[in-house]
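What follows is a short report on a single structure.
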Amino acid sequence: MEQKYSAGVINLQTYSRPHLVAKCLESIYAMEKAVNYHKIIVLQVGNREVEELVYDYADSKTQIIEVDGTERSPLQNMNFNRWLALEEAFKHKEVNWVLSIEEDVEVARESLLFIEQIYQQFCFEKKFRGINLGSILENPELLNTYSLQRFGVHGCGSVLTRRTWRLVKLSLIEKTTRDFPLDGALEGLVKSGFMVNPNITMYLDRGWDSGTHNKHTGEETHYVLNEKSWKTRQSKTTLSFERFDIQIPWRSDCIIYQSKDNPVHTMKWVIMRIYHAKSMHKLFSYCMKLRIRIKDYLASYNTH
């Protein structure tokens, strides 16, 4: 008999960097209530040490999906692996949300407590898109607070709800995952509503360490501030949370959610969806080539 799934699922996508994977896995299985939740680990095979780590940590509620990424680019693998986990999780009717984590983060012990409380509080609100777990604020007075933010998903640690997943499927975003980062394709959709964000981070982002698609050193402002926020989080365990909307300066487009702005951002979502359509990019490419041909023809004509 198939085991009944929990209300939420924890998803990890992993491939290399065993020194980071070990810390990530340790933090996932150390979360309060982690033992109660199903975990889906998409393991891109190819690194023996990572494979051993994943199987060593797996408990009775861990499903490991092995994939071969040799025929896909790094971007395609990241998108494919995360999409595969979301599909697998949400096919179970009991699952209301999925927490997706990348291998280069550590998550706080109280992360699931935060997610449970936030989901219970906002699950009936139609504009509730999910939960981001990161922050770059460090004031200890903000430890037990969260904000409603109009921002995209944090790729290294965030929750999508079933309602948001339905919108993702209706938007045919899957068709863009070979050519565009999934986080970017989701951005317009989630900005048409709100993401709930702890004001002090729930994860430590180590994406700069041995990354396959960046040349960061860890000295960049984002990583420095995130680590300071993480140290604040580690100073005290928080069991309950209250709303305190505050600007989190990720980027200039990360703003406090106000419902009056929903129509504008819904329209932006539609425009961004059109932009990410592969057919639209083919049209742009055709128009550019046609423009060049016309320009060359006119130049040639003028020389005669």
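Chain lettering (A, B, ...) mirrors the order of the structure tokens, residue numbering begins at 1 for each chain separately, and ligand numbering begins at 1 in order of display.
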
Which residues of stretch 106-175 of chain A come within 12 Å of stretch 75-82 of chain A, and for each one, what is the closest pair of atoms and their distance in Å to one decimal, counting only C-alpha atoms, sorted by chain and residue number, as JSON lines?
{"residue": "A:Gly155", "atom": "CA", "partner": "A:Arg82", "partner_atom": "CA", "distance": 9.9}
{"residue": "A:Cys156", "atom": "CA", "partner": "A:Arg82", "partner_atom": "CA", "distance": 10.9}
{"residue": "A:Gly157", "atom": "CA", "partner": "A:Arg82", "partner_atom": "CA", "distance": 11.7}
{"residue": "A:Ser158", "atom": "CA", "partner": "A:Arg82", "partner_atom": "CA", "distance": 11.8}
{"residue": "A:Leu160", "atom": "CA", "partner": "A:Arg82", "partner_atom": "CA", "distance": 11.7}
{"residue": "A:Ile173", "atom": "CA", "partner": "A:Asn79", "partner_atom": "CA", "distance": 11.0}
{"residue": "A:Glu174", "atom": "CA", "partner": "A:Asn79", "partner_atom": "CA", "distance": 9.1}
{"residue": "A:Lys175", "atom": "CA", "partner": "A:Asn79", "partner_atom": "CA", "distance": 11.0}

Per-residue nearest contacts of stretch 181-246 of chain A to stretch 96-120 of chain A (7 Å; only C-alpha atoms) as CSV:
residue,atom,partner,partner_atom,distance
A:Met202,CA,A:Ala108,CA,5.1
A:Tyr203,CA,A:Val107,CA,4.4
A:Leu204,CA,A:Glu106,CA,5.2
A:Asp205,CA,A:Val105,CA,4.8
A:Arg206,CA,A:Asp104,CA,5.1
A:Gly207,CA,A:Asp104,CA,5.4
A:Thr238,CA,A:Glu110,CA,6.8
A:Leu239,CA,A:Leu113,CA,6.9

Problem set entry | Top pick for closest residue to A:Ser135, considering A:Tyr29, A:Trp250, A:Tyr55, A:Phe90 and counting only C-alpha atoms |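 That would be A:Trp250, the residue with the smallest distance to A:Ser135.
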
Let's see if you can do this: from backbone DSSP, list all strand (DSSP E) residues in stretch 74-268 of chain A, as a PDB file with C-alpha atoms, in the first residue's frame.
ATOM      1  CA  TRP A  97       2.858  22.959  -0.300  1.00  0.00           C
ATOM      2  CA  VAL A  98       6.407  22.098  -1.334  1.00  0.00           C
ATOM      3  CA  LEU A  99       9.569  23.499   0.222  1.00  0.00           C
ATOM      4  CA  SER A 100      12.333  23.500  -2.412  1.00  0.00           C
ATOM      5  CA  ILE A 101      15.931  23.738  -1.234  1.00  0.00           C
ATOM      6  CA  GLU A 102      19.173  23.830  -3.186  1.00  0.00           C
ATOM      7  CA  VAL A 105      22.121  26.325   1.651  1.00  0.00           C
ATOM      8  CA  GLU A 106      21.586  25.445   5.285  1.00  0.00           C
ATOM      9  CA  VAL A 107      18.085  25.845   6.724  1.00  0.00           C
ATOM     10  CA  PHE A 128      -0.991  34.014  -1.206  1.00  0.00           C
ATOM     11  CA  ARG A 129       1.646  32.560  -3.552  1.00  0.00           C
ATOM     12  CA  GLY A 130       4.104  31.016  -1.126  1.00  0.00           C
ATOM     13  CA  ILE A 131       6.907  31.595   1.349  1.00  0.00           C
ATOM     14  CA  ASN A 132      10.477  32.794   0.869  1.00  0.00           C
ATOM     15  CA  THR A 145       8.495  38.737  12.679  1.00  0.00           C
ATOM     16  CA  TYR A 146       7.649  38.345   9.009  1.00  0.00           C
ATOM     17  CA  SER A 147       6.614  40.551   6.102  1.00  0.00           C
ATOM     18  CA  LEU A 148       4.296  40.283   3.126  1.00  0.00           C
ATOM     19  CA  GLN A 149       6.484  41.020   0.131  1.00  0.00           C
ATOM     20  CA  ARG A 150       5.755  41.430  -3.561  1.00  0.00           C
ATOM     21  CA  GLY A 157      14.864  28.176  -0.389  1.00  0.00           C
ATOM     22  CA  SER A 158      11.162  28.800  -0.890  1.00  0.00           C
ATOM     23  CA  VAL A 159       7.679  27.292  -0.669  1.00  0.00           C
ATOM     24  CA  LEU A 160       5.089  27.090  -3.429  1.00  0.00           C
ATOM     25  CA  THR A 161       1.464  26.329  -2.570  1.00  0.00           C
ATOM     26  CA  PHE A 194       2.425  38.040  -2.247  1.00  0.00           C
ATOM     27  CA  MET A 195       5.169  35.920  -0.746  1.00  0.00           C
ATOM     28  CA  VAL A 196       5.559  35.758   3.029  1.00  0.00           C
ATOM     29  CA  ASN A 197       9.113  36.413   4.174  1.00  0.00           C
ATOM     30  CA  PRO A 198      10.775  36.070   7.585  1.00  0.00           C
ATOM     31  CA  TYR A 203      18.656  29.971   5.427  1.00  0.00           C
ATOM     32  CA  LEU A 204      22.361  30.534   4.943  1.00  0.00           C
ATOM     33  CA  ASP A 205      23.164  30.981   1.264  1.00  0.00           C
ATOM     34  CA  GLU A 242       3.919  37.894  14.053  1.00  0.00           C
ATOM     35  CA  ARG A 243       3.471  40.178  11.085  1.00  0.00           C
ATOM     36  CA  ILE A 255       8.408  45.904  -2.121  1.00  0.00           C
ATOM     37  CA  ILE A 256       5.909  45.561   0.703  1.00  0.00           C
TER      38      ILE A 256
END

For this session: Write out as number ranges by chain which residues come within 7 Å of stretch 38-53 of chain A when counting only C-alpha atoms, dropping same-chain ones fewer than 2 positions away.
Result: A: 5-6, 9-16, 18, 21-22, 36, 55-57, 61-69, 81, 85

For the selection just defined, write its residues with N, CA and C atoms to a file, as a compact mmCIF listing (two decimals), in the first residue's frame.
# COMPACT_ATOMS: atom_id res chain seq x y z
N TYR A 5 0.85 10.67 1.95
CA TYR A 5 1.78 11.79 2.01
C TYR A 5 1.38 12.78 3.09
N SER A 6 2.39 13.56 3.55
CA SER A 6 2.15 14.61 4.52
C SER A 6 1.59 15.84 3.81
N VAL A 9 5.78 18.84 1.58
CA VAL A 9 6.90 18.01 1.13
C VAL A 9 8.16 18.87 1.09
N ILE A 10 9.26 18.29 1.52
CA ILE A 10 10.56 18.95 1.45
C ILE A 10 11.29 18.40 0.24
N ASN A 11 11.76 19.30 -0.62
CA ASN A 11 12.46 18.88 -1.83
C ASN A 11 13.87 19.44 -1.86
N LEU A 12 14.82 18.56 -2.17
CA LEU A 12 16.21 18.96 -2.36
C LEU A 12 16.66 18.50 -3.73
N GLN A 13 17.29 19.41 -4.49
CA GLN A 13 17.91 19.03 -5.75
C GLN A 13 19.42 19.09 -5.56
N THR A 14 20.12 18.02 -5.93
CA THR A 14 21.54 18.00 -5.64
C THR A 14 22.32 17.29 -6.73
N TYR A 15 23.61 17.67 -6.84
CA TYR A 15 24.47 17.05 -7.85
C TYR A 15 25.91 16.91 -7.35
N SER A 16 26.54 18.03 -7.00
CA SER A 16 27.96 17.98 -6.66
C SER A 16 28.21 18.69 -5.34
N PRO A 18 30.06 17.98 -2.39
CA PRO A 18 29.70 17.18 -1.21
C PRO A 18 29.88 17.90 0.11
N VAL A 21 26.68 19.74 0.38
CA VAL A 21 25.55 18.81 0.47
C VAL A 21 25.45 18.23 1.88
N ALA A 22 26.59 17.91 2.47
CA ALA A 22 26.58 17.33 3.83
C ALA A 22 25.95 18.29 4.83
N ASN A 36 8.31 14.18 10.39
CA ASN A 36 6.91 14.00 10.01
C ASN A 36 6.65 14.24 8.53
N TYR A 55 22.03 8.86 0.33
CA TYR A 55 21.47 7.58 0.79
C TYR A 55 21.72 7.36 2.27
N ASP A 56 22.82 7.89 2.80
CA ASP A 56 23.10 7.76 4.23
C ASP A 56 22.09 8.53 5.07
N TYR A 57 21.69 9.71 4.60
CA TYR A 57 20.77 10.55 5.36
C TYR A 57 19.30 10.13 5.19
N LYS A 61 10.83 8.24 5.19
CA LYS A 61 9.95 9.12 4.43
C LYS A 61 10.70 9.89 3.33
N THR A 62 11.83 9.36 2.93
CA THR A 62 12.63 9.99 1.88
C THR A 62 12.51 9.21 0.58
N GLN A 63 12.14 9.89 -0.48
CA GLN A 63 12.11 9.32 -1.82
C GLN A 63 13.25 9.91 -2.62
N ILE A 64 14.10 9.06 -3.14
CA ILE A 64 15.25 9.51 -3.94
C ILE A 64 14.97 9.21 -5.40
N ILE A 65 15.03 10.26 -6.22
CA ILE A 65 14.83 10.11 -7.65
C ILE A 65 16.16 10.38 -8.34
N GLU A 66 16.75 9.36 -8.94
CA GLU A 66 18.02 9.53 -9.63
C GLU A 66 17.77 9.97 -11.07
N VAL A 67 18.53 10.98 -11.50
CA VAL A 67 18.42 11.47 -12.87
C VAL A 67 19.80 11.57 -13.49
N ASP A 68 19.85 11.42 -14.80
CA ASP A 68 21.09 11.57 -15.56
C ASP A 68 21.04 12.89 -16.30
N GLY A 69 21.93 13.80 -15.97
CA GLY A 69 21.88 15.13 -16.56
C GLY A 69 22.86 15.36 -17.69
N ASN A 81 15.20 19.26 -12.72
CA ASN A 81 15.21 18.56 -11.43
C ASN A 81 14.18 19.14 -10.47
N ALA A 85 10.51 17.30 -9.16
CA ALA A 85 10.12 17.15 -7.76
C ALA A 85 8.75 17.76 -7.50

For this session: Report the distance between atom CA of A:Lys126 and atom CA of A:Val35 in Å, rounded to one decimal place.
Result: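 Straight-line distance from atom CA of A:Lys126 to atom CA of A:Val35 works out to 29.8 Å.
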
Exercise. Residues of stretch 173-247 of chain A in helix (DSSP H, G or I) according to DSSP, as a list in words?
Worked result: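 After running DSSP on the backbone, stretch 173-247 of chain A has helix (DSSP H, G or I) at Ile173, Glu174, Lys175, Thr176, Leu182, Asp183, Gly184, Ala185, Leu186, Glu187, Gly188, Leu189, Val190, Lys191, Thr221, His222, Tyr223, Val224, Leu225, Asn226, Glu227, Lys228, Ser229, Trp230, Lys231, Thr232, Arg233 and Gln234 of chain A.
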
Those residues with C-alpha atoms, as a JSON list (two decimals), in the first residue's frame please?
[["chain", "number", "residue", "atom", "x", "y", "z"],
["A", 173, "ILE", "CA", 5.51, 27.68, -17.74],
["A", 174, "GLU", "CA", 6.92, 24.18, -18.23],
["A", 175, "LYS", "CA", 7.42, 24.99, -21.93],
["A", 176, "THR", "CA", 9.98, 27.64, -21.01],
["A", 182, "LEU", "CA", 12.48, 28.72, -13.64],
["A", 183, "ASP", "CA", 12.69, 31.40, -10.95],
["A", 184, "GLY", "CA", 12.52, 34.10, -13.61],
["A", 185, "ALA", "CA", 9.60, 32.45, -15.38],
["A", 186, "LEU", "CA", 7.71, 32.29, -12.06],
["A", 187, "GLU", "CA", 8.46, 35.89, -11.08],
["A", 188, "GLY", "CA", 5.53, 37.62, -12.77],
["A", 189, "LEU", "CA", 3.08, 35.06, -11.42],
["A", 190, "VAL", "CA", 4.15, 35.28, -7.79],
["A", 191, "LYS", "CA", 4.37, 39.07, -7.98],
["A", 221, "THR", "CA", 27.12, 42.31, -0.24],
["A", 222, "HIS", "CA", 24.26, 39.82, -0.55],
["A", 223, "TYR", "CA", 26.24, 36.94, 0.96],
["A", 224, "VAL", "CA", 27.82, 39.06, 3.69],
["A", 225, "LEU", "CA", 24.47, 40.44, 4.84],
["A", 226, "ASN", "CA", 22.75, 37.06, 4.57],
["A", 227, "GLU", "CA", 25.40, 35.52, 6.82],
["A", 228, "LYS", "CA", 24.93, 38.30, 9.39],
["A", 229, "SER", "CA", 21.19, 37.67, 9.32],
["A", 230, "TRP", "CA", 21.85, 33.93, 9.75],
["A", 231, "LYS", "CA", 23.99, 34.56, 12.81],
["A", 232, "THR", "CA", 21.14, 36.57, 14.30],
["A", 233, "ARG", "CA", 18.79, 33.64, 13.61],
["A", 234, "GLN", "CA", 21.19, 31.22, 15.32]]
